[in-house]
>>> print(open('final.pdb').read())   # PDB, C-alpha atoms
ATOM      1  CA  MET A 224     -20.358 -33.400  -9.942
ATOM      2  CA  ASN A 225     -20.086 -30.717  -7.278
ATOM      3  CA  LYS A 226     -16.921 -28.689  -7.869
ATOM      4  CA  TYR A 227     -15.673 -28.939  -4.279
ATOM      5  CA  MET A 228     -16.292 -32.688  -4.102
ATOM      6  CA  LYS A 229     -14.336 -32.986  -7.348
ATOM      7  CA  ILE A 230     -11.357 -31.344  -5.614
ATOM      8  CA  ALA A 231     -11.759 -33.672  -2.599
ATOM      9  CA  ILE A 232     -11.694 -36.695  -4.940
ATOM     10  CA  GLU A 233      -8.580 -35.377  -6.707
ATOM     11  CA  GLU A 234      -6.877 -34.896  -3.329
ATOM     12  CA  ALA A 235      -7.772 -38.464  -2.324
ATOM     13  CA  LYS A 236      -6.426 -39.791  -5.633
ATOM     14  CA  LYS A 237      -3.082 -38.095  -5.068
ATOM     15  CA  GLY A 238      -2.956 -39.776  -1.668
ATOM     16  CA  ILE A 239      -3.730 -43.311  -2.795
ATOM     17  CA  ASN A 240      -1.387 -43.135  -5.758
ATOM     18  CA  ASP A 241       1.479 -42.225  -3.428
ATOM     19  CA  ASN A 242       0.502 -44.809  -0.733
ATOM     20  CA  HIS A 243      -0.203 -42.087   1.818
ATOM     21  CA  GLY A 244      -3.221 -43.954   3.227
ATOM     22  CA  GLY A 245      -6.918 -44.519   2.455
ATOM     23  CA  PRO A 246      -9.020 -42.931  -0.332
ATOM     24  CA  PHE A 247     -10.141 -40.017   1.768
ATOM     25  CA  GLY A 248      -9.868 -36.409   0.661
ATOM     26  CA  ALA A 249     -11.445 -33.305   2.187
ATOM     27  CA  VAL A 250     -11.907 -29.674   1.217
ATOM     28  CA  ILE A 251     -12.876 -26.789   3.490
ATOM     29  CA  VAL A 252     -14.841 -23.949   1.930
ATOM     30  CA  LYS A 253     -15.840 -20.554   3.320
ATOM     31  CA  GLU A 254     -18.190 -18.227   1.451
ATOM     32  CA  GLY A 255     -17.568 -20.113  -1.785
ATOM     33  CA  LYS A 256     -13.800 -19.982  -1.471
ATOM     34  CA  VAL A 257     -11.562 -23.038  -0.962
ATOM     35  CA  ILE A 258      -9.635 -22.524   2.271
ATOM     36  CA  SER A 259      -7.793 -25.858   2.441
ATOM     37  CA  LYS A 260      -7.449 -29.302   0.874
ATOM     38  CA  GLY A 261      -6.392 -32.382   2.824
ATOM     39  CA  HIS A 262      -6.091 -36.113   2.427
ATOM     40  CA  ASN A 263      -5.349 -39.189   4.501
ATOM     41  CA  HIS A 264      -1.666 -39.449   5.493
ATOM     42  CA  VAL A 265      -1.917 -42.233   8.123
ATOM     43  CA  VAL A 266       0.542 -44.567   6.393
ATOM     44  CA  GLU A 267       2.960 -41.968   5.026
ATOM     45  CA  LYS A 268       3.262 -39.942   8.234
ATOM     46  CA  ASN A 269       2.754 -42.805  10.709
ATOM     47  CA  ASP A 270      -0.004 -40.663  12.205
ATOM     48  CA  PRO A 271      -3.265 -42.525  12.930
ATOM     49  CA  THR A 272      -4.977 -39.147  13.508
ATOM     50  CA  CYS A 273      -4.095 -37.687  10.106
ATOM     51  CA  HIS A 274      -7.344 -38.463   8.310
ATOM     52  CA  GLY A 275      -8.428 -36.313   5.361
ATOM     53  CA  GLU A 276     -10.803 -34.171   7.417
ATOM     54  CA  ILE A 277      -8.284 -33.579  10.219
ATOM     55  CA  ASP A 278      -5.559 -32.739   7.697
ATOM     56  CA  ALA A 279      -7.891 -30.194   6.061
ATOM     57  CA  ILE A 280      -8.977 -28.732   9.433
ATOM     58  CA  ARG A 281      -5.372 -28.251  10.571
ATOM     59  CA  LYS A 282      -4.455 -26.552   7.315
ATOM     60  CA  ALA A 283      -7.536 -24.288   7.323
ATOM     61  CA  CYS A 284      -6.871 -23.238  10.932
ATOM     62  CA  LYS A 285      -3.250 -22.495  10.112
ATOM     63  CA  LYS A 286      -4.272 -20.407   7.115
ATOM     64  CA  LEU A 287      -7.015 -18.463   8.913
ATOM     65  CA  LYS A 288      -4.942 -18.235  12.130
ATOM     66  CA  THR A 289      -7.783 -19.482  14.328
ATOM     67  CA  PHE A 290      -9.013 -22.652  16.018
ATOM     68  CA  ASN A 291     -12.583 -21.653  15.126
ATOM     69  CA  LEU A 292     -13.844 -22.491  11.629
ATOM     70  CA  SER A 293     -17.362 -21.076  12.123
ATOM     71  CA  GLY A 294     -18.948 -20.296   8.759
ATOM     72  CA  CYS A 295     -16.983 -23.062   7.000
ATOM     73  CA  GLU A 296     -18.248 -26.193   5.238
ATOM     74  CA  ILE A 297     -16.367 -29.429   4.649
ATOM     75  CA  TYR A 298     -16.588 -31.738   1.625
ATOM     76  CA  THR A 299     -15.268 -35.237   2.235
ATOM     77  CA  THR A 300     -15.141 -38.386   0.097
ATOM     78  CA  GLY A 301     -16.283 -40.651   2.955
ATOM     79  CA  PHE A 302     -18.584 -40.115   5.942
ATOM     80  CA  PRO A 303     -16.378 -38.835   8.807
ATOM     81  CA  CYS A 304     -15.298 -41.420  11.380
ATOM     82  CA  PRO A 305     -16.194 -40.598  15.030
ATOM     83  CA  MET A 306     -12.767 -38.967  15.516
ATOM     84  CA  CYS A 307     -13.194 -36.686  12.518
ATOM     85  CA  PHE A 308     -16.842 -35.911  13.212
ATOM     86  CA  CYS A 309     -15.970 -34.694  16.692
ATOM     87  CA  ALA A 310     -13.018 -32.718  15.278
ATOM     88  CA  ILE A 311     -15.548 -31.032  12.960
ATOM     89  CA  LEU A 312     -17.652 -30.124  16.028
ATOM     90  CA  TRP A 313     -14.651 -28.769  17.957
ATOM     91  CA  ALA A 314     -13.795 -26.645  14.899
ATOM     92  CA  ASN A 315     -17.410 -25.360  14.684
ATOM     93  CA  ILE A 316     -17.769 -26.352  11.025
ATOM     94  CA  GLY A 317     -21.421 -25.879  10.137
ATOM     95  CA  LYS A 318     -22.018 -28.312   7.264
ATOM     96  CA  VAL A 319     -20.594 -31.673   6.129
ATOM     97  CA  TYR A 320     -21.018 -32.972   2.572
ATOM     98  CA  TYR A 321     -19.885 -36.600   2.306
ATOM     99  CA  GLY A 322     -19.676 -39.000  -0.644
ATOM    100  CA  CYS A 323     -19.537 -42.635   0.494
ATOM    101  CA  ASN A 324     -21.236 -43.867   3.641
ATOM    102  CA  THR A 325     -19.770 -46.035   6.424
ATOM    103  CA  ASP A 326     -21.037 -49.263   4.832
ATOM    104  CA  ASP A 327     -19.095 -48.373   1.683
ATOM    105  CA  THR A 328     -16.032 -47.623   3.813
ATOM    106  CA  GLU A 329     -16.317 -50.957   5.635
ATOM    107  CA  ILE A 330     -16.339 -52.836   2.314
ATOM    108  CA  ILE A 331     -12.901 -51.428   1.436
ATOM    109  CA  GLY A 332     -11.488 -52.567   4.787
ATOM    110  CA  PHE A 333     -11.743 -49.706   7.297
ATOM    111  CA  ARG A 334     -13.070 -49.903  10.856
ATOM    112  CA  ASP A 335     -15.260 -46.752  10.918
ATOM    113  CA  LYS A 336     -18.553 -48.650  11.184
ATOM    114  CA  PHE A 337     -17.196 -51.048  13.801
ATOM    115  CA  PHE A 338     -16.021 -48.087  15.908
ATOM    116  CA  GLU A 339     -19.365 -46.286  15.526
ATOM    117  CA  GLN A 340     -21.169 -49.340  16.838
ATOM    118  CA  SER A 341     -18.748 -50.481  19.530
ATOM    119  CA  ILE A 342     -17.651 -47.194  21.160
ATOM    120  CA  PRO A 343     -19.995 -47.458  24.212
ATOM    121  CA  ASP A 344     -18.733 -50.999  24.945
ATOM    122  CA  LYS A 345     -15.127 -50.050  24.205
ATOM    123  CA  LYS A 346     -15.330 -47.189  26.732
ATOM    124  CA  ILE A 347     -16.356 -49.628  29.460
ATOM    125  CA  GLU A 348     -13.761 -52.192  28.369
ATOM    126  CA  LEU A 349     -10.789 -49.836  28.022
ATOM    127  CA  CYS A 350     -11.269 -46.978  30.512
ATOM    128  CA  LYS A 351     -10.483 -46.873  34.227
ATOM    129  CA  GLU A 352     -10.628 -43.880  36.587
ATOM    130  CA  LEU A 353      -7.379 -43.063  38.427
ATOM    131  CA  ASP A 354      -6.281 -40.248  40.776
ATOM    132  CA  ARG A 355      -9.391 -38.129  40.159
ATOM    133  CA  GLU A 356      -8.774 -35.979  43.250
ATOM    134  CA  ASP A 357      -5.292 -34.994  42.039
ATOM    135  CA  CYS A 358      -6.656 -34.162  38.594
ATOM    136  CA  LEU A 359      -9.466 -32.097  40.120
ATOM    137  CA  LYS A 360      -6.776 -29.957  41.801
ATOM    138  CA  LEU A 361      -5.301 -29.363  38.340
ATOM    139  CA  TYR A 362      -8.760 -28.374  36.988
ATOM    140  CA  ASP A 363      -9.125 -25.947  39.930
ATOM    141  CA  GLU A 364      -5.782 -24.401  39.114
ATOM    142  CA  TYR A 365      -6.990 -23.869  35.539
ATOM    143  CA  LYS A 366     -10.281 -22.374  36.719
ATOM    144  CA  ASN A 367      -8.361 -19.774  38.705
ATOM    145  CA  ILE A 368      -6.261 -18.542  35.772
ATOM    146  CA  THR A 369      -7.973 -15.319  34.737
ATOM    147  CA  SER A 370      -6.020 -14.545  31.568
ATOM    148  CA  LYS A 371      -6.734 -17.806  29.725
ATOM    149  CA  THR A 372      -8.239 -18.193  26.248
ATOM    150  CA  GLN A 373     -11.292 -20.460  26.366
ATOM    151  CA  TYR A 374     -12.383 -22.519  23.343
TER     152      TYR A 374
ATOM    153  CA  MET B 258      -0.434 -40.918  43.139
ATOM    154  CA  ASN B 259       0.304 -43.115  40.129
ATOM    155  CA  LYS B 260       3.689 -42.149  38.701
ATOM    156  CA  TYR B 261       2.469 -41.889  35.093
ATOM    157  CA  MET B 262      -0.574 -39.807  36.050
ATOM    158  CA  LYS B 263       1.799 -37.535  37.959
ATOM    159  CA  ILE B 264       3.701 -36.927  34.707
ATOM    160  CA  ALA B 265       0.425 -36.300  32.838
ATOM    161  CA  ILE B 266      -0.550 -33.692  35.455
ATOM    162  CA  GLU B 267       2.875 -32.012  35.194
ATOM    163  CA  GLU B 268       2.506 -31.886  31.395
ATOM    164  CA  ALA B 269      -0.944 -30.308  31.738
ATOM    165  CA  LYS B 270       0.399 -27.726  34.211
ATOM    166  CA  LYS B 271       3.105 -26.666  31.761
ATOM    167  CA  GLY B 272       0.377 -26.169  29.172
ATOM    168  CA  ILE B 273      -1.977 -24.074  31.272
ATOM    169  CA  ASN B 274       0.794 -21.901  32.651
ATOM    170  CA  ASP B 275       1.848 -21.013  29.097
ATOM    171  CA  ASN B 276      -1.763 -20.519  27.829
ATOM    172  CA  HIS B 277      -1.430 -23.432  25.410
ATOM    173  CA  GLY B 278      -5.017 -24.607  26.040
ATOM    174  CA  GLY B 279      -7.015 -26.634  28.583
ATOM    175  CA  PRO B 280      -5.697 -28.588  31.615
ATOM    176  CA  PHE B 281      -5.230 -31.807  29.712
ATOM    177  CA  GLY B 282      -2.041 -33.824  29.739
ATOM    178  CA  ALA B 283      -1.426 -37.367  28.519
ATOM    179  CA  VAL B 284       1.338 -39.945  28.772
ATOM    180  CA  ILE B 285       1.769 -43.087  26.669
ATOM    181  CA  VAL B 286       3.450 -46.051  28.322
ATOM    182  CA  LYS B 287       4.641 -49.352  26.873
ATOM    183  CA  GLU B 288       5.914 -52.158  29.085
ATOM    184  CA  GLY B 289       6.462 -49.743  31.956
ATOM    185  CA  LYS B 290       8.415 -47.255  29.848
ATOM    186  CA  VAL B 291       7.214 -43.729  29.039
ATOM    187  CA  ILE B 292       7.062 -43.432  25.254
ATOM    188  CA  SER B 293       5.621 -39.913  24.963
ATOM    189  CA  LYS B 294       4.122 -36.992  26.867
ATOM    190  CA  GLY B 295       1.612 -34.585  25.386
ATOM    191  CA  HIS B 296      -0.672 -31.753  26.366
ATOM    192  CA  ASN B 297      -3.414 -29.598  24.923
ATOM    193  CA  HIS B 298      -2.115 -27.056  22.380
ATOM    194  CA  VAL B 299      -5.438 -25.905  20.863
ATOM    195  CA  VAL B 300      -4.945 -22.221  21.688
ATOM    196  CA  GLU B 301      -1.189 -22.005  21.134
ATOM    197  CA  LYS B 302      -1.124 -23.867  17.807
ATOM    198  CA  ASN B 303      -4.577 -22.819  16.576
ATOM    199  CA  ASP B 304      -5.256 -26.515  16.142
ATOM    200  CA  PRO B 305      -8.634 -27.715  17.473
ATOM    201  CA  THR B 306      -7.436 -31.328  17.056
ATOM    202  CA  CYS B 307      -4.341 -30.948  19.229
ATOM    203  CA  HIS B 308      -5.773 -32.317  22.474
ATOM    204  CA  GLY B 309      -3.441 -33.904  25.036
ATOM    205  CA  GLU B 310      -4.175 -37.475  23.941
ATOM    206  CA  ILE B 311      -3.745 -36.722  20.231
ATOM    207  CA  ASP B 312      -0.518 -34.822  20.904
ATOM    208  CA  ALA B 313       0.808 -37.831  22.849
ATOM    209  CA  ILE B 314      -0.349 -40.317  20.177
ATOM    210  CA  ARG B 315       1.352 -38.363  17.385
ATOM    211  CA  LYS B 316       4.593 -38.170  19.363
ATOM    212  CA  ALA B 317       4.536 -41.864  20.316
ATOM    213  CA  CYS B 318       3.923 -42.892  16.703
ATOM    214  CA  LYS B 319       6.753 -40.683  15.513
ATOM    215  CA  LYS B 320       9.099 -42.171  18.102
ATOM    216  CA  LEU B 321       8.149 -45.807  17.461
ATOM    217  CA  LYS B 322       7.883 -45.204  13.678
ATOM    218  CA  THR B 323       4.460 -46.833  13.421
ATOM    219  CA  PHE B 324       0.768 -45.909  13.256
ATOM    220  CA  ASN B 325       0.003 -48.890  15.491
ATOM    221  CA  LEU B 326       0.406 -48.455  19.261
ATOM    222  CA  SER B 327      -0.700 -51.982  20.207
ATOM    223  CA  GLY B 328       0.605 -52.897  23.638
ATOM    224  CA  CYS B 329       0.550 -49.261  24.823
ATOM    225  CA  GLU B 330      -1.500 -47.637  27.596
ATOM    226  CA  ILE B 331      -2.484 -43.990  27.915
ATOM    227  CA  TYR B 332      -2.783 -41.922  31.104
ATOM    228  CA  THR B 333      -4.837 -38.744  30.709
ATOM    229  CA  THR B 334      -5.962 -36.059  33.162
ATOM    230  CA  GLY B 335      -9.508 -35.958  31.752
ATOM    231  CA  PHE B 336     -11.770 -38.564  30.182
ATOM    232  CA  PRO B 337     -11.054 -38.521  26.416
ATOM    233  CA  CYS B 338     -13.528 -36.565  24.265
ATOM    234  CA  PRO B 339     -15.159 -38.547  21.411
ATOM    235  CA  MET B 340     -12.428 -37.353  19.007
ATOM    236  CA  CYS B 341      -9.628 -38.554  21.271
ATOM    237  CA  PHE B 342     -11.350 -41.784  22.235
ATOM    238  CA  CYS B 343     -11.684 -42.765  18.591
ATOM    239  CA  ALA B 344      -8.059 -41.712  17.973
ATOM    240  CA  ILE B 345      -7.122 -44.138  20.785
ATOM    241  CA  LEU B 346      -9.050 -46.891  18.972
ATOM    242  CA  TRP B 347      -7.424 -46.124  15.608
ATOM    243  CA  ALA B 348      -4.031 -46.303  17.350
ATOM    244  CA  ASN B 349      -4.948 -49.668  18.964
ATOM    245  CA  ILE B 350      -4.088 -48.453  22.471
ATOM    246  CA  GLY B 351      -5.285 -51.150  24.860
ATOM    247  CA  LYS B 352      -5.943 -49.292  28.117
ATOM    248  CA  VAL B 353      -7.010 -45.762  29.151
ATOM    249  CA  TYR B 354      -6.445 -44.403  32.671
ATOM    250  CA  TYR B 355      -8.278 -41.082  33.154
ATOM    251  CA  GLY B 356      -8.446 -38.669  36.078
ATOM    252  CA  CYS B 357     -11.462 -36.347  35.834
ATOM    253  CA  ASN B 358     -14.731 -37.393  34.215
ATOM    254  CA  THR B 359     -16.795 -35.495  31.614
ATOM    255  CA  ASP B 360     -18.974 -33.856  34.289
ATOM    256  CA  ASP B 361     -15.819 -32.412  35.860
ATOM    257  CA  THR B 362     -14.674 -31.231  32.426
ATOM    258  CA  GLU B 363     -18.025 -29.577  31.725
ATOM    259  CA  ILE B 364     -17.781 -27.594  34.973
ATOM    260  CA  ILE B 365     -14.557 -25.954  33.794
ATOM    261  CA  GLY B 366     -16.183 -24.906  30.510
ATOM    262  CA  PHE B 367     -15.510 -27.579  27.861
ATOM    263  CA  ARG B 368     -18.044 -29.150  25.494
ATOM    264  CA  ASP B 369     -17.022 -32.839  25.798
ATOM    265  CA  LYS B 370     -20.236 -33.913  27.535
ATOM    266  CA  PHE B 371     -22.434 -31.914  25.187
ATOM    267  CA  PHE B 372     -20.738 -33.552  22.185
ATOM    268  CA  GLU B 373     -21.055 -37.030  23.691
ATOM    269  CA  GLN B 374     -24.784 -36.513  24.101
ATOM    270  CA  SER B 375     -25.581 -34.639  20.914
ATOM    271  CA  ILE B 376     -23.472 -36.430  18.286
ATOM    272  CA  PRO B 377     -26.328 -38.567  16.870
ATOM    273  CA  ASP B 378     -28.497 -35.443  16.399
ATOM    274  CA  LYS B 379     -25.569 -33.394  15.110
ATOM    275  CA  LYS B 380     -24.869 -36.027  12.439
ATOM    276  CA  ILE B 381     -28.419 -35.685  11.128
ATOM    277  CA  GLU B 382     -28.329 -31.890  11.394
ATOM    278  CA  LEU B 383     -24.934 -31.309   9.750
ATOM    279  CA  CYS B 384     -24.356 -34.134   7.249
ATOM    280  CA  LYS B 385     -25.626 -34.454   3.692
ATOM    281  CA  GLU B 386     -24.726 -37.097   1.094
ATOM    282  CA  LEU B 387     -23.314 -35.771  -2.176
ATOM    283  CA  ASP B 388     -21.872 -37.436  -5.312
ATOM    284  CA  ARG B 389     -21.731 -40.920  -3.786
ATOM    285  CA  GLU B 390     -21.365 -42.611  -7.183
ATOM    286  CA  ASP B 391     -18.255 -40.576  -8.015
ATOM    287  CA  CYS B 392     -16.754 -41.337  -4.616
ATOM    288  CA  LEU B 393     -17.519 -45.041  -5.024
ATOM    289  CA  LYS B 394     -15.397 -44.979  -8.204
ATOM    290  CA  LEU B 395     -12.554 -43.591  -6.085
ATOM    291  CA  TYR B 396     -13.053 -46.384  -3.516
ATOM    292  CA  ASP B 397     -12.945 -48.949  -6.371
ATOM    293  CA  GLU B 398      -9.706 -47.467  -7.606
ATOM    294  CA  TYR B 399      -8.261 -47.904  -4.099
ATOM    295  CA  LYS B 400      -9.531 -51.485  -3.869
ATOM    296  CA  ASN B 401      -7.635 -52.342  -7.040
ATOM    297  CA  ILE B 402      -4.265 -51.058  -5.799
ATOM    298  CA  THR B 403      -2.422 -54.223  -4.817
ATOM    299  CA  SER B 404       0.672 -52.692  -3.223
ATOM    300  CA  LYS B 405      -1.106 -50.594  -0.578
ATOM    301  CA  THR B 406      -0.531 -50.609   3.194
ATOM    302  CA  GLN B 407      -3.807 -51.254   5.025
ATOM    303  CA  TYR B 408      -4.384 -49.963   8.567
TER     304      TYR B 408
END
>>> encode(input="final.pdb", output="structure tokens")
Amino acid sequence: MNKYMKIAIEEAKKGINDNHGGPFGAVIVKEGKVISKGHNHVVEKNDPTCHGEIDAIRKACKKLKTFNLSGCEIYTTGFPCPMCFCAILWANIGKVYYGCNTDDTEIIGFRDKFFEQSIPDKKIELCKELDREDCLKLYDEYKNITSKTQY
Amino acid sequence: MNKYMKIAIEEAKKGINDNHGGPFGAVIVKEGKVISKGHNHVVEKNDPTCHGEIDAIRKACKKLKTFNLSGCEIYTTGFPCPMCFCAILWANIGKVYYGCNTDDTEIIGFRDKFFEQSIPDKKIELCKELDREDCLKLYDEYKNITSKTQY
């Protein structure tokens, strides 16, 4: 077994044994060195965004004091859900090693596959434009700030 | 202007004036009552996952002591990125009111639209299966825990 995936599995096991959430652990590695370990805390923390990958990303960013994890890889026990995959993109992580796929994850009762398939329809169903002109004024204000940090 | 969107814009303004991140504010409402307000803290907190919507979701969940925001609506100054949209689905938020669209957000320098378009290719480019059998054993272990909280 890959040594980093082994750590991700151990992290996930800690989580499920303590009823923190699903069996999802993640490890972030840079140049062969483990930067952070995370696992799913949705149930324990009442935080639907605290998946294993996001927990590991937050911890790695805190440790490296940056919002940019370029040059890092992530090892995760299950294929990232759309939320986590996009978080990986925002963090500029360059490689994702996953264990189980979304079919496997569906079998144990999670909605990842359903979300992957239904997101285009859900966007139409759930989203409605409102006060765009007022929000565009806000965007303009932002555009005119010269000292800002872009990401 | 809608009164909740007005609050979302005010939240976003606080954020950009303090160089916390992009011009993105969000408000979560349940039965006409504001539950939480959030804004983008990516730069300030070095947290690439701390978008306005996710900040508001975390705060609402903390306040209501649940990972399930059924019956809530979210008001956000920009159309949710794929990370935030899926976070909204995980949280079971039933309605999304957004101000600017992803074209507007691209103009001010953010990658939301690029991610929306390139995610299928990025999945192929970045993701590689590893040690599935070992991870399936972990999933089995989870399946056999009878006292767990599912979400």
>>> resolve_selection(input="final.pdb", expression="the ChimeraX specification (/A :<7) & /B", output="compact mmCIF listing (two decimals) with C-alpha atoms, in the coordinates of the input")
# COMPACT_ATOMS: atom_id res chain seq x y z
CA MET B 258 -0.43 -40.92 43.14
CA ILE B 266 -0.55 -33.69 35.46
CA ILE B 273 -1.98 -24.07 31.27
CA ASN B 276 -1.76 -20.52 27.83
CA PRO B 280 -5.70 -28.59 31.62
CA VAL B 299 -5.44 -25.90 20.86
CA VAL B 300 -4.94 -22.22 21.69
CA ASN B 303 -4.58 -22.82 16.58
CA ASP B 304 -5.26 -26.52 16.14
CA PRO B 305 -8.63 -27.72 17.47
CA THR B 306 -7.44 -31.33 17.06
CA ARG B 315 1.35 -38.36 17.39
CA CYS B 318 3.92 -42.89 16.70
CA LYS B 319 6.75 -40.68 15.51
CA LYS B 322 7.88 -45.20 13.68
CA THR B 323 4.46 -46.83 13.42
CA PHE B 324 0.77 -45.91 13.26
CA THR B 334 -5.96 -36.06 33.16
CA PRO B 339 -15.16 -38.55 21.41
CA MET B 340 -12.43 -37.35 19.01
CA CYS B 341 -9.63 -38.55 21.27
CA CYS B 343 -11.68 -42.76 18.59
CA ALA B 344 -8.06 -41.71 17.97
CA TRP B 347 -7.42 -46.12 15.61
CA ALA B 348 -4.03 -46.30 17.35
CA GLY B 351 -5.28 -51.15 24.86
CA LYS B 352 -5.94 -49.29 28.12
CA VAL B 353 -7.01 -45.76 29.15
CA TYR B 354 -6.44 -44.40 32.67
CA TYR B 355 -8.28 -41.08 33.15
CA GLY B 356 -8.45 -38.67 36.08
CA CYS B 357 -11.46 -36.35 35.83
CA ILE B 365 -14.56 -25.95 33.79
CA LEU B 383 -24.93 -31.31 9.75
CA CYS B 384 -24.36 -34.13 7.25
CA LYS B 385 -25.63 -34.45 3.69
CA GLU B 386 -24.73 -37.10 1.09
CA LEU B 387 -23.31 -35.77 -2.18
CA ASP B 388 -21.87 -37.44 -5.31
CA ARG B 389 -21.73 -40.92 -3.79
CA CYS B 392 -16.75 -41.34 -4.62
CA LEU B 393 -17.52 -45.04 -5.02
CA LEU B 395 -12.55 -43.59 -6.08
CA TYR B 396 -13.05 -46.38 -3.52
CA TYR B 399 -8.26 -47.90 -4.10
CA LYS B 400 -9.53 -51.48 -3.87
CA LYS B 405 -1.11 -50.59 -0.58
CA THR B 406 -0.53 -50.61 3.19
>>> residues_around(input="final.pdb", residues="Gly261 (chain A)", least_positions_apart="3", cutoff="7 Å", atoms="only C-alpha atoms", output="PyMOL selection string")
chain A and resi 234+248-250+275-276+278-279
>>> atom_distance(input="final.pdb", atom1="CA of Lys294 (chain B)", atom2="CA of Lys260 (chain B)")
12.9 Å
>>> axis_aligned_box(input="final.pdb", around="region 243-246 of chain A", padding_each_side="3 Å", output="AutoDock Vina command-line options")
--center_x -4.6 --center_y -43.3 --center_z 1.4 --size_x 14.8 --size_y 8.4 --size_z 9.6
>>> atom_distance(input="final.pdb", atom1="CA of Gly328 (chain B)", atom2="CA of Lys287 (chain B)")
6.3 Å
>>> atom_distance(input="final.pdb", atom1="CA of Asp326 (chain A)", atom2="CA of Tyr227 (chain A)")
22.9 Å
